[in-house]
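protein-v4.cif (mmCIF, C-alpha atoms)
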```cif
data_upload
loop_
_atom_site.label_atom_id
_atom_site.label_comp_id
_atom_site.auth_asym_id
_atom_site.auth_seq_id
_atom_site.Cartn_x
_atom_site.Cartn_y
_atom_site.Cartn_z
CA MET A 1 0.00 0.00 0.00
CA THR A 2 1.25 3.48 -0.84
CA PHE A 3 0.41 6.56 1.23
CA ARG A 4 0.39 9.68 -0.95
CA LYS A 5 0.64 13.35 -0.15
CA PHE A 6 -1.65 15.65 -2.13
CA PRO A 7 -0.16 17.97 -4.79
CA ARG A 8 0.35 21.68 -4.11
CA ARG A 9 -2.90 23.55 -3.45
CA ALA A 10 -3.75 26.80 -1.71
CA MET A 11 -6.10 25.31 0.90
CA LEU A 12 -5.04 27.10 4.08
CA GLY A 13 -6.42 30.52 3.27
CA GLY A 14 -7.93 32.19 6.30
CA LEU A 15 -5.87 30.49 8.97
CA ALA A 16 -7.66 32.21 11.80
CA GLY A 17 -10.97 30.91 10.46
CA ALA A 18 -9.98 27.38 11.34
CA MET A 19 -10.08 28.36 14.97
CA LEU A 20 -13.81 28.99 14.61
CA ALA A 21 -14.50 25.55 13.15
CA ARG A 22 -14.53 24.03 16.63
CA GLY A 23 -17.67 25.88 17.56
CA ALA A 24 -19.44 24.68 14.45
CA HIS A 25 -18.62 21.05 15.12
CA ALA A 26 -20.84 19.47 17.79
CA GLN A 27 -18.85 17.87 20.60
CA GLY A 28 -20.89 14.69 20.59
CA ALA A 29 -20.30 14.20 16.88
CA ASP A 30 -16.59 14.90 17.39
CA VAL A 31 -16.23 12.12 19.94
CA ALA A 32 -18.13 9.62 17.80
CA ALA A 33 -16.07 10.57 14.73
CA ARG A 34 -12.82 10.22 16.67
CA ARG A 35 -13.81 6.78 17.90
CA ALA A 36 -14.69 5.70 14.37
CA LEU A 37 -11.35 7.00 13.09
CA VAL A 38 -9.43 5.16 15.82
CA GLU A 39 -11.19 1.92 14.85
CA GLU A 40 -10.31 2.53 11.20
CA ILE A 41 -6.68 3.25 12.07
CA ASP A 42 -6.48 0.11 14.18
CA GLU A 43 -7.88 -1.99 11.32
CA ALA A 44 -5.49 -0.41 8.79
CA ILE A 45 -2.44 -1.10 10.96
CA ARG A 46 -3.48 -4.73 11.46
CA ALA A 47 -4.03 -5.15 7.72
CA LEU A 48 -0.53 -3.81 7.02
CA ALA A 49 1.13 -6.01 9.65
CA PRO A 50 2.48 -8.57 7.12
CA ILE A 51 4.43 -5.73 5.48
CA THR A 52 5.35 -3.51 8.43
CA GLY A 53 5.77 -6.09 11.20
CA VAL A 54 3.60 -3.90 13.44
CA GLU A 55 0.80 -6.16 14.67
CA ARG A 56 -1.08 -3.60 16.76
CA LEU A 57 -0.71 -0.04 17.95
CA ALA A 58 0.09 0.57 21.59
CA PRO A 59 -3.11 1.36 23.53
CA GLU A 60 -1.73 4.73 24.61
CA ILE A 61 -1.32 5.76 20.97
CA LEU A 62 -4.95 4.94 20.24
CA ASP A 63 -5.90 6.88 23.38
CA ALA A 64 -3.92 9.89 22.11
CA PHE A 65 -5.84 9.85 18.82
CA LEU A 66 -9.07 9.80 20.83
CA ALA A 67 -7.91 12.73 22.95
CA VAL A 68 -6.60 15.04 20.21
CA PRO A 69 -9.35 16.51 17.97
CA ARG A 70 -7.99 16.37 14.41
CA HIS A 71 -10.50 18.90 13.10
CA LEU A 72 -8.70 21.64 15.06
CA PHE A 73 -5.73 21.17 12.74
CA VAL A 74 -7.38 21.36 9.31
CA PRO A 75 -8.44 24.30 7.11
CA PRO A 76 -12.13 25.25 7.56
CA PRO A 77 -13.31 23.83 4.18
CA LEU A 78 -11.87 20.44 5.12
CA VAL A 79 -13.33 20.08 8.61
CA PRO A 80 -15.99 17.61 7.31
CA PHE A 81 -13.13 15.34 6.19
CA ALA A 82 -11.06 15.62 9.36
CA TYR A 83 -11.96 12.16 10.65
CA ARG A 84 -11.39 10.21 7.48
CA ASP A 85 -8.24 8.17 7.13
CA ARG A 86 -6.75 10.26 4.37
CA PRO A 87 -4.21 13.08 4.00
CA LEU A 88 -5.59 16.60 3.69
CA PRO A 89 -4.03 19.44 1.65
CA LEU A 90 -2.83 22.46 3.58
CA GLY A 91 -1.43 24.48 0.69
CA TYR A 92 2.23 25.52 0.26
CA GLY A 93 2.97 22.04 -1.09
CA GLN A 94 2.21 20.52 2.31
CA ASN A 95 -0.37 18.08 3.63
CA LEU A 96 -1.71 16.90 6.94
CA ALA A 97 -0.63 13.27 6.85
CA GLN A 98 -3.02 10.35 6.68
CA PRO A 99 -3.94 9.43 10.29
CA SER A 100 -2.93 5.78 9.92
CA ILE A 101 0.54 6.74 8.67
CA THR A 102 0.84 9.27 11.53
CA ALA A 103 -0.06 6.49 13.96
CA LEU A 104 2.39 4.05 12.36
CA MET A 105 5.25 6.55 12.46
CA THR A 106 4.44 7.25 16.10
CA GLN A 107 4.53 3.53 16.90
CA LEU A 108 7.84 3.08 15.09
CA ILE A 109 9.71 5.49 17.35
CA GLU A 110 8.52 3.45 20.37
CA PRO A 111 7.31 6.51 22.32
CA ARG A 112 7.69 6.72 26.05
CA ARG A 113 7.08 9.42 28.62
CA ASP A 114 9.72 12.15 28.88
CA MET A 115 11.61 11.12 25.73
CA ARG A 116 12.93 13.98 23.60
CA VAL A 117 11.51 13.95 20.07
CA PHE A 118 12.46 16.17 17.15
CA GLU A 119 9.88 16.51 14.39
CA THR A 120 10.56 17.99 10.97
CA GLY A 121 7.53 19.49 9.27
CA THR A 122 5.19 20.76 11.99
CA ASP A 123 2.45 21.42 9.43
CA THR A 124 -0.48 22.56 11.59
CA GLY A 125 0.70 20.74 14.72
CA PHE A 126 -1.33 17.52 14.84
CA GLN A 127 1.61 15.10 15.06
CA ALA A 128 3.26 17.28 17.70
CA ALA A 129 0.06 17.23 19.75
CA ILE A 130 -0.11 13.42 19.54
CA LEU A 131 3.50 13.06 20.69
CA ALA A 132 3.04 15.54 23.53
CA ARG A 133 -0.13 13.78 24.64
CA LEU A 134 2.02 10.65 24.96
CA GLY A 135 4.25 12.53 27.40
CA ALA A 136 7.16 13.34 25.09
CA ASP A 137 9.10 16.59 25.07
CA VAL A 138 8.51 17.71 21.48
CA PHE A 139 10.74 19.99 19.42
CA SER A 140 9.03 20.67 16.11
CA MET A 141 10.33 22.72 13.16
CA GLU A 142 8.39 24.08 10.16
CA ILE A 143 9.83 25.93 7.17
CA VAL A 144 6.51 27.48 6.02
CA GLU A 145 5.78 30.47 8.27
CA PRO A 146 1.95 30.56 7.79
CA LEU A 147 1.71 26.90 8.77
CA LEU A 148 3.84 27.48 11.84
CA ARG A 149 1.68 30.46 12.80
CA PHE A 150 -1.43 28.28 12.51
CA ALA A 151 0.17 25.59 14.69
CA ARG A 152 1.16 28.15 17.33
CA GLU A 153 -2.40 29.47 17.51
CA VAL A 154 -3.96 26.03 17.90
CA LEU A 155 -1.42 24.70 20.39
CA ALA A 156 -1.57 27.89 22.47
CA ARG A 157 -5.31 27.45 22.95
CA HIS A 158 -5.21 23.75 23.82
CA ASP A 159 -2.80 22.24 26.33
CA PHE A 160 -1.68 18.97 24.77
CA GLY A 161 1.68 18.87 26.56
CA ARG A 162 5.25 20.05 26.20
CA ILE A 163 5.82 21.38 22.68
CA GLN A 164 8.40 23.85 21.40
CA LEU A 165 8.06 25.22 17.87
CA ARG A 166 10.63 26.88 15.64
CA LEU A 167 10.66 28.32 12.13
CA GLY A 168 13.43 26.77 10.05
CA ASP A 169 14.69 24.03 7.76
CA GLY A 170 14.23 20.71 9.52
CA TRP A 171 16.97 19.14 7.40
CA TYR A 172 19.50 20.70 9.79
CA GLY A 173 17.73 19.58 12.94
CA TRP A 174 17.64 21.57 16.19
CA GLN A 175 21.23 21.53 17.36
CA ASP A 176 20.81 23.38 20.64
CA ALA A 177 18.13 20.91 21.81
CA ALA A 178 19.96 17.75 20.70
CA PRO A 179 20.51 14.89 21.24
CA PHE A 180 17.10 13.37 20.62
CA ASP A 181 15.77 9.98 21.64
CA ALA A 182 13.72 9.93 18.45
CA ILE A 183 13.36 11.95 15.26
CA LEU A 184 10.32 11.97 12.97
CA ALA A 185 10.98 13.32 9.49
CA LYS A 186 7.76 14.01 7.61
CA GLU A 187 9.49 14.94 4.35
CA SER A 188 11.29 12.55 2.03
CA ALA A 189 15.01 12.54 1.28
CA SER A 190 17.15 10.45 -1.05
CA ASP A 191 19.57 9.81 1.81
CA VAL A 192 19.47 10.31 5.57
CA PRO A 193 20.26 14.00 6.31
CA PRO A 194 23.65 13.95 8.11
CA PRO A 195 22.62 16.61 10.68
CA LEU A 196 19.65 14.51 11.79
CA LEU A 197 21.78 11.40 12.18
CA ALA A 198 24.35 13.40 14.15
CA GLN A 199 21.64 14.65 16.54
CA LEU A 200 20.20 11.19 17.21
CA ALA A 201 21.12 9.86 20.65
CA PRO A 202 22.70 6.41 21.07
CA GLY A 203 19.85 3.92 21.08
CA GLY A 204 17.61 6.44 19.28
CA ARG A 205 15.39 5.96 16.25
CA LEU A 206 14.92 8.16 13.20
CA VAL A 207 11.81 7.43 11.12
CA ILE A 208 12.00 8.95 7.63
CA PRO A 209 10.68 8.37 4.09
CA LEU A 210 13.78 7.58 2.00
CA GLY A 211 13.85 7.74 -1.79
CA PRO A 212 13.81 10.20 -4.70
CA PRO A 213 10.93 12.68 -5.04
CA GLU A 214 9.38 10.93 -8.04
CA GLY A 215 10.75 7.44 -7.46
CA GLU A 216 10.38 4.58 -5.01
CA GLN A 217 10.23 5.73 -1.39
CA TRP A 218 10.21 3.60 1.74
CA LEU A 219 9.30 4.60 5.25
CA THR A 220 12.52 3.62 7.00
CA ILE A 221 13.67 3.18 10.59
CA VAL A 222 17.24 4.36 11.12
CA THR A 223 18.63 3.17 14.45
CA ARG A 224 21.79 4.37 16.15
CA ARG A 225 22.96 1.57 18.40
CA ALA A 226 24.68 2.17 21.71
CA ASP A 227 28.07 1.41 20.11
CA GLY A 228 27.45 4.11 17.48
CA ALA A 229 26.75 1.73 14.60
CA VAL A 230 23.80 2.66 12.38
CA SER A 231 21.26 0.28 10.86
CA GLU A 232 18.26 0.80 8.55
CA ARG A 233 15.05 -1.16 8.11
CA ARG A 234 12.48 -0.54 5.41
CA VAL A 235 8.91 -0.64 6.69
CA LEU A 236 6.41 0.48 4.06
CA PRO A 237 6.34 1.96 0.54
CA VAL A 238 5.14 5.58 0.76
CA ARG A 239 4.99 8.82 -1.20
CA PHE A 240 5.97 12.01 0.65
CA ALA A 241 6.86 15.49 -0.58
CA PRO A 242 10.62 16.18 -0.29
CA PHE A 243 12.29 18.52 2.17
CA GLN A 244 11.81 22.13 1.11
CA GLY A 245 14.64 24.61 1.25
CA GLY A 246 16.73 24.00 -1.87
CA GLU A 247 20.37 22.94 -1.91
CA ARG A 248 22.06 21.93 1.33
CA ILE A 249 25.70 21.95 2.23
#
```
With the file now loaded, output its structure as structure tokens.
Amino acid sequence: MTFRKFPRRAMLGGLAGAMLARGAHAQGADVAARRALVEEIDEAIRALAPITGVERLAPEILDAFLAVPRHLFVPPPLVPFAYRDRPLPLGYGQNLAQPSITALMTQLIEPRRDMRVFETGTDTGFQAAILARLGADVFSMEIVEPLLRFAREVLARHDFGRIQLRLGDGWYGWQDAAPFDAILAKESASDVPPPLLAQLAPGGRLVIPLGPPEGEQWLTIVTRRADGAVSERRVLPVRFAPFQGGERI
């Protein structure tokens, strides 16, 4: 199965308007929709188990998806689609990832309370909220300023946990907060970005889509063992937009 990101669209116009969507969405319907989505995610992960090796999601991850309202993190026109297991376009060449792939990536870093997690590609903040709800200290970086502004507004109004946000190119990591127990890269790269590998703590895991922008990509676990050796394991074929920011040195 291939998870695709939508092509570039200008869907995030009126960022502040998304904050009003919560009032238009009945709380009872929200809870029912979240429960239905969690069931769908659970079924999707079990169906993919022969490929990924992930038999089930940890109960606390399912609980986090129940606790964090996804519709807070989508543009107003897409609120009716917030609880479907599909990616949603945010504009600027970015997308809010498919919930089942968000859940899988969360499972793959083996989250635990108080671990330090670096996330590239904050988008509107949903993944960061899930990680913080699980008790992680989250450091999340976004290169698109309007998306980061949206995430700041949502996360400031709802206390999901310990989250720090920064505007910048996630390719280079967050050096002054490193090392990290886990890194989630939500953009694809042909090879593992050296700064991210350097900022991964011994025993840590980096989950990243590896492969060319228009070619075969695999969601990959990169593990730095305690002795410093690095190993990679392919998990699932995917399609993600590449890191923005142009040439790196």
I need the output of the PyMOL selection byres ((chain A and resi 109-113) around 10) for this file as number ranges by chain; which residues are they?
A: 58, 60-61, 104-108, 114-117, 131-137, 181-184, 204-207, 221-223
How would you write, as a ChimeraX atom specification, the residues chosen by the PyMOL selection byres ((chain A and resi 179) around 10) on this structure?
/A:116-118,173-178,180-183,196-202,204
Take the residues from that selection and put them in a file with C-alpha atoms, as a tab-separated table (two decimals), keeping the file's coordinate frame.
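The new file out.tsv reads:
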```tsv
chain	number	residue	atom	x	y	z
A	116	ARG	CA	12.93	13.98	23.60
A	117	VAL	CA	11.51	13.95	20.07
A	118	PHE	CA	12.46	16.17	17.15
A	173	GLY	CA	17.73	19.58	12.94
A	174	TRP	CA	17.64	21.57	16.19
A	175	GLN	CA	21.23	21.53	17.36
A	176	ASP	CA	20.81	23.38	20.64
A	177	ALA	CA	18.13	20.91	21.81
A	178	ALA	CA	19.96	17.75	20.70
A	180	PHE	CA	17.10	13.37	20.62
A	181	ASP	CA	15.77	9.98	21.64
A	182	ALA	CA	13.72	9.93	18.45
A	183	ILE	CA	13.36	11.95	15.26
A	196	LEU	CA	19.65	14.51	11.79
A	197	LEU	CA	21.78	11.40	12.18
A	198	ALA	CA	24.35	13.40	14.15
A	199	GLN	CA	21.64	14.65	16.54
A	200	LEU	CA	20.20	11.19	17.21
A	201	ALA	CA	21.12	9.86	20.65
A	202	PRO	CA	22.70	6.41	21.07
A	204	GLY	CA	17.61	6.44	19.28
```
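Between CA of Ala128 (chain A) and CA of Ala229 (chain A) there is a distance of 28.3 Å.
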Take the point (-5.1, 12.7, 17.9) as written in the file and pick out every residue within 8 Å of it, counting only C-alpha atoms; give the list as number ranges by chain.
A: 64-70, 126-127, 129-130
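Of the listed residues (A:Thr124, A:Gly215, A:Arg157, A:Gly245), A:Gly245 comes nearest to Gly170 (chain A); the distances count all atoms listed in the file.
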When distances are computed from all atoms listed in the file, which of A:Gln244, A:Glu40, A:Phe160, A:Ser188 shows the smallest separation from Trp218 (chain A)?
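Smallest separation from Trp218 (chain A) among the options: A:Ser188.
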What does the distance between CA of Leu37 (chain A) and CA of Gln98 (chain A) come to in Å, to one decimal place?
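Going from CA of Leu37 (chain A) over to CA of Gln98 (chain A) covers 11.0 Å.
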Residues within 7 Å of Gln217 (chain A), all atoms listed in the file, excluding chain neighbours under 6 positions, as a list of chain:residue names
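Selected residues are A:Pro209, A:Leu210, A:Gly211, A:Pro237, A:Val238, A:Arg239.
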Which residues fall under the PyMOL selection byres ((chain A and resi 100) around 10) in this file, as a count of residues only?
22
Which is closer to Leu148 (chain A) than all the others in A:Ala49, A:Pro194, A:Trp171, A:Phe73, using all atoms listed in the file?
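The closest residue to Leu148 (chain A) is A:Phe73.
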